[in-house]
$ cat run.cif   # mmCIF, N, CA and C atoms
data_start
#
loop_
_atom_site.label_atom_id
_atom_site.label_comp_id
_atom_site.auth_asym_id
_atom_site.auth_seq_id
_atom_site.Cartn_x
_atom_site.Cartn_y
_atom_site.Cartn_z
N MET A 6 -4.94 14.35 13.43
CA MET A 6 -4.59 13.30 12.49
C MET A 6 -4.33 13.94 11.13
N ALA A 7 -3.13 13.81 10.63
CA ALA A 7 -2.76 14.34 9.32
C ALA A 7 -2.89 13.25 8.26
N THR A 8 -3.34 13.64 7.08
CA THR A 8 -3.51 12.69 5.98
C THR A 8 -2.89 13.26 4.71
N VAL A 9 -2.17 12.40 4.01
CA VAL A 9 -1.62 12.74 2.70
C VAL A 9 -2.21 11.74 1.72
N GLU A 10 -2.75 12.24 0.61
CA GLU A 10 -3.32 11.35 -0.40
C GLU A 10 -2.54 11.52 -1.69
N LEU A 11 -2.18 10.41 -2.27
CA LEU A 11 -1.41 10.37 -3.51
C LEU A 11 -2.19 9.53 -4.51
N ARG A 12 -2.38 10.07 -5.71
CA ARG A 12 -3.00 9.32 -6.81
C ARG A 12 -2.03 9.35 -7.97
N PHE A 13 -1.82 8.19 -8.58
CA PHE A 13 -0.91 8.15 -9.72
C PHE A 13 -1.43 7.20 -10.79
N SER A 14 -1.07 7.51 -12.03
CA SER A 14 -1.45 6.65 -13.15
C SER A 14 -0.89 5.26 -12.91
N ALA A 15 -1.64 4.26 -13.28
CA ALA A 15 -1.24 2.88 -13.03
C ALA A 15 -0.10 2.47 -13.96
N LEU A 16 1.06 3.06 -13.71
CA LEU A 16 2.26 2.76 -14.47
C LEU A 16 3.37 2.36 -13.51
N PRO A 17 4.13 1.32 -13.83
CA PRO A 17 5.17 0.84 -12.92
C PRO A 17 6.18 1.91 -12.51
N GLU A 18 6.47 2.87 -13.40
CA GLU A 18 7.48 3.88 -13.08
C GLU A 18 7.04 4.83 -11.96
N HIS A 19 5.75 4.86 -11.62
CA HIS A 19 5.28 5.73 -10.55
C HIS A 19 5.35 5.07 -9.17
N VAL A 20 5.59 3.78 -9.14
CA VAL A 20 5.66 3.06 -7.86
C VAL A 20 6.81 3.59 -7.01
N ARG A 21 7.93 3.89 -7.62
CA ARG A 21 9.10 4.41 -6.89
C ARG A 21 8.74 5.73 -6.19
N THR A 22 8.01 6.58 -6.87
CA THR A 22 7.60 7.86 -6.27
C THR A 22 6.73 7.61 -5.04
N ALA A 23 5.80 6.67 -5.14
CA ALA A 23 4.94 6.34 -4.00
C ALA A 23 5.77 5.84 -2.83
N ARG A 24 6.79 5.03 -3.11
CA ARG A 24 7.67 4.53 -2.05
C ARG A 24 8.41 5.67 -1.35
N LEU A 25 8.93 6.60 -2.14
CA LEU A 25 9.67 7.73 -1.57
C LEU A 25 8.77 8.62 -0.71
N VAL A 26 7.57 8.90 -1.20
CA VAL A 26 6.62 9.73 -0.45
C VAL A 26 6.24 9.02 0.85
N ALA A 27 5.96 7.72 0.78
CA ALA A 27 5.57 6.96 1.97
C ALA A 27 6.68 6.99 3.02
N ALA A 28 7.93 6.81 2.59
CA ALA A 28 9.05 6.83 3.54
C ALA A 28 9.20 8.21 4.18
N ALA A 29 9.04 9.26 3.39
CA ALA A 29 9.18 10.61 3.93
C ALA A 29 8.09 10.92 4.95
N VAL A 30 6.86 10.55 4.64
CA VAL A 30 5.75 10.81 5.56
C VAL A 30 5.88 9.93 6.81
N ALA A 31 6.32 8.68 6.63
CA ALA A 31 6.52 7.79 7.77
C ALA A 31 7.58 8.35 8.72
N ARG A 32 8.66 8.85 8.16
CA ARG A 32 9.73 9.45 8.97
C ARG A 32 9.17 10.62 9.77
N ARG A 33 8.42 11.49 9.10
CA ARG A 33 7.83 12.65 9.78
C ARG A 33 6.83 12.23 10.86
N ALA A 34 6.14 11.10 10.64
CA ALA A 34 5.15 10.62 11.60
C ALA A 34 5.80 10.00 12.84
N GLY A 35 7.11 9.72 12.77
CA GLY A 35 7.79 9.15 13.93
C GLY A 35 7.98 7.65 13.86
N VAL A 36 7.87 7.08 12.67
CA VAL A 36 8.14 5.64 12.53
C VAL A 36 9.64 5.44 12.71
N ASP A 37 10.00 4.41 13.45
CA ASP A 37 11.40 4.11 13.76
C ASP A 37 12.21 3.98 12.47
N GLU A 38 13.41 4.57 12.47
CA GLU A 38 14.29 4.54 11.29
C GLU A 38 14.56 3.11 10.82
N ALA A 39 14.66 2.18 11.75
CA ALA A 39 14.95 0.79 11.41
C ALA A 39 13.81 0.13 10.62
N VAL A 40 12.63 0.71 10.68
CA VAL A 40 11.44 0.14 10.04
C VAL A 40 11.17 0.79 8.67
N LEU A 41 11.84 1.89 8.37
CA LEU A 41 11.53 2.61 7.13
C LEU A 41 11.75 1.78 5.87
N ASP A 42 12.75 0.89 5.88
CA ASP A 42 12.94 0.02 4.71
C ASP A 42 11.75 -0.91 4.53
N GLU A 43 11.20 -1.40 5.63
CA GLU A 43 10.01 -2.25 5.55
C GLU A 43 8.82 -1.48 4.98
N VAL A 44 8.68 -0.22 5.40
CA VAL A 44 7.61 0.63 4.88
C VAL A 44 7.77 0.78 3.38
N ARG A 45 8.98 1.12 2.94
CA ARG A 45 9.24 1.30 1.50
C ARG A 45 8.93 0.03 0.71
N LEU A 46 9.42 -1.10 1.21
CA LEU A 46 9.20 -2.36 0.49
C LEU A 46 7.73 -2.75 0.45
N ALA A 47 7.04 -2.61 1.58
CA ALA A 47 5.62 -2.97 1.63
C ALA A 47 4.79 -2.08 0.71
N VAL A 48 5.07 -0.78 0.71
CA VAL A 48 4.34 0.13 -0.17
C VAL A 48 4.66 -0.20 -1.63
N GLY A 49 5.90 -0.51 -1.92
CA GLY A 49 6.27 -0.89 -3.28
C GLY A 49 5.52 -2.12 -3.74
N GLU A 50 5.42 -3.13 -2.88
CA GLU A 50 4.68 -4.35 -3.24
C GLU A 50 3.20 -4.07 -3.44
N ALA A 51 2.61 -3.29 -2.52
CA ALA A 51 1.18 -3.00 -2.61
C ALA A 51 0.87 -2.18 -3.86
N CYS A 52 1.71 -1.19 -4.14
CA CYS A 52 1.48 -0.35 -5.33
C CYS A 52 1.73 -1.14 -6.62
N SER A 53 2.75 -1.98 -6.63
CA SER A 53 3.01 -2.82 -7.81
C SER A 53 1.84 -3.76 -8.06
N ARG A 54 1.28 -4.29 -7.01
CA ARG A 54 0.11 -5.17 -7.13
C ARG A 54 -1.06 -4.41 -7.73
N ALA A 55 -1.32 -3.20 -7.22
CA ALA A 55 -2.44 -2.39 -7.73
C ALA A 55 -2.21 -2.03 -9.19
N VAL A 56 -0.99 -1.63 -9.54
CA VAL A 56 -0.68 -1.30 -10.93
C VAL A 56 -0.91 -2.53 -11.82
N GLY A 57 -0.43 -3.68 -11.40
CA GLY A 57 -0.62 -4.91 -12.17
C GLY A 57 -2.09 -5.25 -12.36
N LEU A 58 -2.88 -5.09 -11.31
CA LEU A 58 -4.31 -5.37 -11.41
C LEU A 58 -4.98 -4.41 -12.39
N HIS A 59 -4.63 -3.14 -12.30
CA HIS A 59 -5.21 -2.16 -13.23
C HIS A 59 -4.83 -2.48 -14.67
N GLU A 60 -3.54 -2.81 -14.88
CA GLU A 60 -3.09 -3.12 -16.24
C GLU A 60 -3.78 -4.37 -16.79
N SER A 61 -3.86 -5.41 -15.98
CA SER A 61 -4.43 -6.67 -16.46
C SER A 61 -5.94 -6.61 -16.68
N HIS A 62 -6.61 -5.65 -16.04
CA HIS A 62 -8.06 -5.52 -16.19
C HIS A 62 -8.44 -4.32 -17.06
N GLY A 63 -7.44 -3.65 -17.64
CA GLY A 63 -7.71 -2.53 -18.53
C GLY A 63 -8.37 -1.34 -17.85
N ILE A 64 -8.01 -1.07 -16.62
CA ILE A 64 -8.60 0.04 -15.87
C ILE A 64 -7.68 1.25 -15.96
N ALA A 65 -8.23 2.38 -16.41
CA ALA A 65 -7.44 3.59 -16.60
C ALA A 65 -7.41 4.48 -15.35
N ALA A 66 -8.22 4.16 -14.36
CA ALA A 66 -8.28 4.98 -13.14
C ALA A 66 -6.94 4.95 -12.41
N PRO A 67 -6.63 6.01 -11.66
CA PRO A 67 -5.37 6.03 -10.93
C PRO A 67 -5.38 5.10 -9.72
N VAL A 68 -4.18 4.72 -9.30
CA VAL A 68 -4.00 3.98 -8.05
C VAL A 68 -4.02 5.03 -6.94
N ARG A 69 -4.63 4.68 -5.81
CA ARG A 69 -4.77 5.63 -4.70
C ARG A 69 -3.96 5.15 -3.50
N VAL A 70 -3.16 6.06 -2.95
CA VAL A 70 -2.38 5.77 -1.75
C VAL A 70 -2.73 6.84 -0.72
N VAL A 71 -3.18 6.41 0.46
CA VAL A 71 -3.52 7.34 1.53
C VAL A 71 -2.59 7.05 2.70
N LEU A 72 -1.89 8.09 3.15
CA LEU A 72 -0.94 7.98 4.26
C LEU A 72 -1.56 8.71 5.45
N ILE A 73 -1.78 8.00 6.54
CA ILE A 73 -2.49 8.56 7.68
C ILE A 73 -1.56 8.58 8.90
N GLU A 74 -1.31 9.77 9.38
CA GLU A 74 -0.46 9.97 10.54
C GLU A 74 -1.37 10.16 11.75
N ASP A 75 -1.41 9.17 12.61
CA ASP A 75 -2.24 9.22 13.81
C ASP A 75 -1.34 9.45 15.01
N GLU A 76 -1.94 9.57 16.17
CA GLU A 76 -1.16 9.86 17.38
C GLU A 76 -0.17 8.76 17.73
N LYS A 77 -0.57 7.51 17.56
CA LYS A 77 0.30 6.41 17.97
C LYS A 77 0.64 5.43 16.85
N LYS A 78 0.10 5.66 15.66
CA LYS A 78 0.43 4.76 14.56
C LYS A 78 0.40 5.50 13.24
N PHE A 79 1.09 4.91 12.29
CA PHE A 79 1.16 5.43 10.93
C PHE A 79 0.55 4.37 10.03
N SER A 80 -0.44 4.75 9.24
CA SER A 80 -1.13 3.79 8.37
C SER A 80 -1.02 4.19 6.91
N ILE A 81 -1.00 3.19 6.06
CA ILE A 81 -1.00 3.40 4.62
C ILE A 81 -2.08 2.51 4.02
N GLU A 82 -2.89 3.11 3.17
CA GLU A 82 -3.90 2.36 2.43
C GLU A 82 -3.58 2.49 0.94
N VAL A 83 -3.48 1.36 0.28
CA VAL A 83 -3.27 1.35 -1.16
C VAL A 83 -4.52 0.74 -1.77
N GLY A 84 -5.17 1.51 -2.65
CA GLY A 84 -6.42 1.06 -3.23
C GLY A 84 -6.35 0.90 -4.73
N ASP A 85 -7.03 -0.14 -5.21
CA ASP A 85 -7.18 -0.34 -6.65
C ASP A 85 -8.67 -0.27 -6.97
N GLU A 86 -9.01 -0.24 -8.22
CA GLU A 86 -10.41 -0.15 -8.62
C GLU A 86 -10.88 -1.39 -9.36
N VAL A 87 -10.25 -2.52 -9.06
CA VAL A 87 -10.63 -3.78 -9.70
C VAL A 87 -11.64 -4.50 -8.80
N PRO A 88 -12.88 -4.62 -9.25
CA PRO A 88 -13.91 -5.28 -8.43
C PRO A 88 -13.54 -6.72 -8.08
N GLY A 89 -13.56 -7.03 -6.80
CA GLY A 89 -13.34 -8.40 -6.34
C GLY A 89 -11.94 -8.94 -6.49
N ALA A 90 -10.92 -8.10 -6.72
CA ALA A 90 -9.55 -8.59 -6.96
C ALA A 90 -8.99 -9.33 -5.76
N GLY A 91 -9.20 -8.82 -4.57
CA GLY A 91 -8.67 -9.48 -3.38
C GLY A 91 -9.30 -10.83 -3.14
N ALA A 92 -10.60 -10.93 -3.44
CA ALA A 92 -11.30 -12.20 -3.27
C ALA A 92 -10.76 -13.25 -4.22
N ALA A 93 -10.46 -12.84 -5.45
CA ALA A 93 -9.91 -13.79 -6.43
C ALA A 93 -8.53 -14.25 -6.01
N ALA A 94 -7.75 -13.34 -5.44
CA ALA A 94 -6.39 -13.69 -5.03
C ALA A 94 -6.38 -14.55 -3.77
N ALA A 95 -7.43 -14.44 -2.98
CA ALA A 95 -7.45 -15.16 -1.71
C ALA A 95 -7.64 -16.66 -1.89
N GLY A 96 -8.11 -17.07 -3.04
CA GLY A 96 -8.26 -18.50 -3.26
C GLY A 96 -9.21 -18.80 -4.40
N GLY A 97 -9.25 -20.04 -4.76
CA GLY A 97 -10.17 -20.45 -5.80
C GLY A 97 -9.53 -20.41 -7.17
N ALA A 98 -9.76 -21.45 -7.94
CA ALA A 98 -9.21 -21.51 -9.30
C ALA A 98 -10.10 -20.70 -10.22
N ASP A 99 -9.50 -20.14 -11.24
CA ASP A 99 -10.23 -19.33 -12.19
C ASP A 99 -10.38 -20.14 -13.48
N ALA A 100 -11.51 -20.06 -14.08
CA ALA A 100 -11.77 -20.84 -15.29
C ALA A 100 -11.16 -20.21 -16.53
N GLU A 101 -10.49 -19.08 -16.41
CA GLU A 101 -9.93 -18.38 -17.56
C GLU A 101 -8.70 -19.06 -18.13
N GLY A 102 -8.02 -19.86 -17.37
CA GLY A 102 -6.87 -20.56 -17.92
C GLY A 102 -5.57 -20.22 -17.20
N VAL A 103 -4.47 -20.64 -17.82
CA VAL A 103 -3.15 -20.53 -17.20
C VAL A 103 -2.73 -19.09 -17.00
N GLY A 104 -2.99 -18.18 -17.93
CA GLY A 104 -2.60 -16.78 -17.80
C GLY A 104 -3.16 -16.17 -16.53
N GLU A 105 -4.41 -16.43 -16.27
CA GLU A 105 -5.03 -15.91 -15.05
C GLU A 105 -4.41 -16.57 -13.82
N SER A 106 -4.11 -17.84 -13.91
CA SER A 106 -3.51 -18.55 -12.79
C SER A 106 -2.14 -17.98 -12.44
N ASP A 107 -1.34 -17.66 -13.46
CA ASP A 107 -0.03 -17.06 -13.24
C ASP A 107 -0.16 -15.71 -12.56
N ALA A 108 -1.12 -14.90 -13.01
CA ALA A 108 -1.34 -13.58 -12.42
C ALA A 108 -1.76 -13.72 -10.97
N GLU A 109 -2.61 -14.69 -10.68
CA GLU A 109 -3.04 -14.91 -9.31
C GLU A 109 -1.87 -15.36 -8.44
N GLY A 110 -0.99 -16.18 -8.99
CA GLY A 110 0.18 -16.64 -8.24
C GLY A 110 1.09 -15.48 -7.89
N GLU A 111 1.30 -14.55 -8.83
CA GLU A 111 2.10 -13.36 -8.55
C GLU A 111 1.42 -12.50 -7.50
N ASP A 112 0.09 -12.39 -7.59
CA ASP A 112 -0.67 -11.60 -6.63
C ASP A 112 -0.53 -12.18 -5.22
N GLU A 113 -0.67 -13.49 -5.11
CA GLU A 113 -0.53 -14.15 -3.82
C GLU A 113 0.87 -13.98 -3.26
N MET A 114 1.89 -14.03 -4.13
CA MET A 114 3.27 -13.84 -3.69
C MET A 114 3.45 -12.43 -3.14
N GLY A 115 2.91 -11.43 -3.83
CA GLY A 115 3.00 -10.04 -3.36
C GLY A 115 2.35 -9.87 -2.01
N LEU A 116 1.17 -10.48 -1.83
CA LEU A 116 0.48 -10.40 -0.54
C LEU A 116 1.27 -11.10 0.55
N ALA A 117 1.93 -12.20 0.21
CA ALA A 117 2.75 -12.92 1.19
C ALA A 117 3.95 -12.06 1.62
N VAL A 118 4.56 -11.38 0.66
CA VAL A 118 5.69 -10.50 0.99
C VAL A 118 5.24 -9.38 1.92
N ILE A 119 4.10 -8.77 1.60
CA ILE A 119 3.57 -7.69 2.45
C ILE A 119 3.29 -8.22 3.85
N SER A 120 2.66 -9.38 3.95
CA SER A 120 2.36 -9.96 5.26
C SER A 120 3.62 -10.26 6.06
N GLY A 121 4.72 -10.61 5.37
CA GLY A 121 5.98 -10.86 6.05
C GLY A 121 6.65 -9.58 6.53
N LEU A 122 6.37 -8.46 5.86
CA LEU A 122 7.00 -7.19 6.22
C LEU A 122 6.21 -6.40 7.27
N VAL A 123 4.90 -6.58 7.28
CA VAL A 123 4.02 -5.75 8.12
C VAL A 123 3.25 -6.63 9.09
N ASP A 124 3.33 -6.30 10.38
CA ASP A 124 2.59 -7.07 11.38
C ASP A 124 1.09 -6.79 11.31
N ASP A 125 0.73 -5.54 11.06
CA ASP A 125 -0.68 -5.15 11.04
C ASP A 125 -1.09 -4.84 9.61
N VAL A 126 -1.65 -5.83 8.93
CA VAL A 126 -2.06 -5.67 7.53
C VAL A 126 -3.46 -6.24 7.35
N GLU A 127 -4.25 -5.57 6.53
CA GLU A 127 -5.62 -6.00 6.24
C GLU A 127 -5.86 -5.85 4.74
N VAL A 128 -6.33 -6.90 4.12
CA VAL A 128 -6.63 -6.88 2.68
C VAL A 128 -8.13 -7.07 2.53
N THR A 129 -8.77 -6.12 1.86
CA THR A 129 -10.21 -6.21 1.62
C THR A 129 -10.49 -6.00 0.15
N SER A 130 -11.63 -6.49 -0.28
CA SER A 130 -12.03 -6.35 -1.67
C SER A 130 -13.54 -6.29 -1.76
N GLY A 131 -14.02 -5.49 -2.67
CA GLY A 131 -15.45 -5.37 -2.86
C GLY A 131 -15.75 -4.97 -4.29
N GLU A 132 -16.99 -4.59 -4.52
CA GLU A 132 -17.40 -4.25 -5.88
C GLU A 132 -16.76 -2.96 -6.38
N ASN A 133 -16.26 -2.12 -5.47
CA ASN A 133 -15.62 -0.86 -5.87
C ASN A 133 -14.10 -0.97 -5.93
N GLY A 134 -13.56 -2.15 -5.71
CA GLY A 134 -12.12 -2.34 -5.77
C GLY A 134 -11.56 -2.93 -4.49
N GLY A 135 -10.25 -3.04 -4.45
CA GLY A 135 -9.58 -3.62 -3.29
C GLY A 135 -8.77 -2.59 -2.53
N ARG A 136 -8.38 -2.98 -1.33
CA ARG A 136 -7.62 -2.09 -0.48
C ARG A 136 -6.68 -2.91 0.39
N ILE A 137 -5.45 -2.45 0.50
CA ILE A 137 -4.50 -3.02 1.44
C ILE A 137 -4.21 -1.95 2.45
N ARG A 138 -4.47 -2.23 3.71
CA ARG A 138 -4.21 -1.27 4.79
C ARG A 138 -3.10 -1.84 5.66
N MET A 139 -2.06 -1.05 5.85
CA MET A 139 -0.90 -1.46 6.64
C MET A 139 -0.65 -0.39 7.69
N SER A 140 -0.19 -0.80 8.87
CA SER A 140 0.12 0.22 9.87
C SER A 140 1.32 -0.20 10.72
N TRP A 141 2.00 0.81 11.21
CA TRP A 141 3.19 0.66 12.04
C TRP A 141 3.08 1.59 13.23
N PRO A 142 3.71 1.23 14.36
CA PRO A 142 3.72 2.15 15.50
C PRO A 142 4.51 3.40 15.17
N ALA A 143 4.05 4.52 15.70
CA ALA A 143 4.75 5.80 15.48
C ALA A 143 4.95 6.48 16.82
N HIS A 144 6.06 7.15 16.93
CA HIS A 144 6.40 7.88 18.15
C HIS A 144 6.80 9.29 17.75
N PRO A 145 5.81 10.17 17.58
CA PRO A 145 6.14 11.52 17.14
C PRO A 145 7.08 12.21 18.12
N ALA A 146 7.90 13.08 17.59
CA ALA A 146 8.83 13.82 18.43
C ALA A 146 8.04 14.72 19.38
N PRO A 147 8.46 14.79 20.63
CA PRO A 147 7.74 15.64 21.59
C PRO A 147 7.90 17.12 21.22
N VAL A 148 6.87 17.87 21.49
CA VAL A 148 6.90 19.30 21.24
C VAL A 148 7.64 19.96 22.39
N VAL A 149 8.67 20.73 22.06
CA VAL A 149 9.47 21.41 23.07
C VAL A 149 9.08 22.89 23.07
N LEU A 150 8.58 23.35 24.19
CA LEU A 150 8.20 24.74 24.30
C LEU A 150 9.35 25.53 24.90
N PRO A 151 9.53 26.75 24.43
CA PRO A 151 10.64 27.58 24.96
C PRO A 151 10.40 28.05 26.36
#

$ encode --input "run.cif" --output "structure tokens"
Amino acid sequence: MATVELRFSALPEHVRTARLVAAAVARRAGVDEAVLDEVRLAVGEACSRAVGLHESHGIAAPVRVVLIEDEKKFSIEVGDEVPGAGAAAAGGADAEGVGESDAEGEDEMGLAVISGLVDDVEVTSGENGGRIRMSWPAHPAPVVLP
């Protein structure tokens, strides 16, 4: 099982780099070419969400992206360091006012887009931050011996 870990400052301009790296690793892992656009879009949404959460909560820590190449699947985990962010996005009104409500609406929209792009997606949140785990089937190229 090969793993690539990417950490980047929570700035929107770094999301494109994460998308490119994810597509390159997915291709190497054997993800079908027809699915690579979905991988790029899903990673872009997940990273944009993490960047937005970091910016809105004043967190200077980097966004973490882990790309895991397994025998039969390719997985990507995008992590943020905002305590309880996924739980807040999953439902419930916030007493902070309209600004928070708008941010939650954007967050829910991003999660909906990811869910539409990826069949196997899991969103978790805890006191150490949130995580979006996505996976796709992979068919690595067979090893040809001389």

$ resolve_selection --input "run.cif" --expression "the PyMOL selection byres (((chain A and resi 123-132 and name CA) around 9) and name CA)" --output "compact mmCIF listing (two decimals) with N, CA and C atoms, in the frame of the given file"
# COMPACT_ATOMS: atom_id res chain seq x y z
N GLU A 43 11.20 -1.40 5.63
CA GLU A 43 10.01 -2.25 5.55
C GLU A 43 8.82 -1.48 4.98
N VAL A 44 8.68 -0.22 5.40
CA VAL A 44 7.61 0.63 4.88
C VAL A 44 7.77 0.78 3.38
N ALA A 47 7.04 -2.61 1.58
CA ALA A 47 5.62 -2.97 1.63
C ALA A 47 4.79 -2.08 0.71
N GLU A 86 -9.01 -0.24 -8.22
CA GLU A 86 -10.41 -0.15 -8.62
C GLU A 86 -10.88 -1.39 -9.36
N VAL A 87 -10.25 -2.52 -9.06
CA VAL A 87 -10.63 -3.78 -9.70
C VAL A 87 -11.64 -4.50 -8.80
N PRO A 88 -12.88 -4.62 -9.25
CA PRO A 88 -13.91 -5.28 -8.43
C PRO A 88 -13.54 -6.72 -8.08
N GLY A 89 -13.56 -7.03 -6.80
CA GLY A 89 -13.34 -8.40 -6.34
C GLY A 89 -11.94 -8.94 -6.49
N ALA A 90 -10.92 -8.10 -6.72
CA ALA A 90 -9.55 -8.59 -6.96
C ALA A 90 -8.99 -9.33 -5.76
N GLY A 91 -9.20 -8.82 -4.57
CA GLY A 91 -8.67 -9.48 -3.38
C GLY A 91 -9.30 -10.83 -3.14
N ALA A 92 -10.60 -10.93 -3.44
CA ALA A 92 -11.30 -12.20 -3.27
C ALA A 92 -10.76 -13.25 -4.22
N LEU A 116 1.17 -10.48 -1.83
CA LEU A 116 0.48 -10.40 -0.54
C LEU A 116 1.27 -11.10 0.55
N VAL A 118 4.56 -11.38 0.66
CA VAL A 118 5.69 -10.50 0.99
C VAL A 118 5.24 -9.38 1.92
N ILE A 119 4.10 -8.77 1.60
CA ILE A 119 3.57 -7.69 2.45
C ILE A 119 3.29 -8.22 3.85
N SER A 120 2.66 -9.38 3.95
CA SER A 120 2.36 -9.96 5.26
C SER A 120 3.62 -10.26 6.06
N GLY A 121 4.72 -10.61 5.37
CA GLY A 121 5.98 -10.86 6.05
C GLY A 121 6.65 -9.58 6.53
N LEU A 122 6.37 -8.46 5.86
CA LEU A 122 7.00 -7.19 6.22
C LEU A 122 6.21 -6.40 7.27
N ASN A 133 -16.26 -2.12 -5.47
CA ASN A 133 -15.62 -0.86 -5.87
C ASN A 133 -14.10 -0.97 -5.93
N GLY A 134 -13.56 -2.15 -5.71
CA GLY A 134 -12.12 -2.34 -5.77
C GLY A 134 -11.56 -2.93 -4.49
N GLY A 135 -10.25 -3.04 -4.45
CA GLY A 135 -9.58 -3.62 -3.29
C GLY A 135 -8.77 -2.59 -2.53
N ARG A 136 -8.38 -2.98 -1.33
CA ARG A 136 -7.62 -2.09 -0.48
C ARG A 136 -6.68 -2.91 0.39
N ILE A 137 -5.45 -2.45 0.50
CA ILE A 137 -4.50 -3.02 1.44
C ILE A 137 -4.21 -1.95 2.45
N ARG A 138 -4.47 -2.23 3.71
CA ARG A 138 -4.21 -1.27 4.79
C ARG A 138 -3.10 -1.84 5.66
N MET A 139 -2.06 -1.05 5.85
CA MET A 139 -0.90 -1.46 6.64
C MET A 139 -0.65 -0.39 7.69
N SER A 140 -0.19 -0.80 8.87
CA SER A 140 0.12 0.22 9.87
C SER A 140 1.32 -0.20 10.72
N TRP A 141 2.00 0.81 11.21
CA TRP A 141 3.19 0.66 12.04
C TRP A 141 3.08 1.59 13.23

$ atom_distance --input "run.cif" --atom1 "atom CA of Phe79 of chain A" --atom2 "atom N of Glu38 of chain A"
12.4 Å

$ residues_near_point --input "run.cif" --point "(9.3, 10.6, 6.1)" --cutoff "12 Å" --atoms "only C-alpha atoms" --output "VMD selection string"
chain A and resid 9 23 to 38 40 to 42 44 to 45 72 74 79 143 145

$ atom_distance --input "run.cif" --atom1 "atom CA of Pro142 of chain A" --atom2 "atom C of Glu18 of chain A"
27.8 Å

$ closest_residue --input "run.cif" --among "A:Leu11, A:Lys77, A:Ala66, A:Thr22" --to "His144 of chain A" --atoms "all atoms listed in the file"
A:Lys77

$ atom_distance --input "run.cif" --atom1 "atom N of Glu50 of chain A" --atom2 "atom C of Arg21 of chain A"
10.0 Å

$ resolve_selection --input "run.cif" --expression "the PyMOL selection byres (((chain A and resi 16 and name CA) around 10) and name CA)" --output "ChimeraX atom specification"
/A:13-15,17-20,52-53,55-57,59-60,65,67-68

$ resolve_selection --input "run.cif" --expression "the PyMOL selection byres ((chain A and resi 71) around 6)" --output "PyMOL selection string"
chain A and resi 9-11+69-70+72-73+80-83
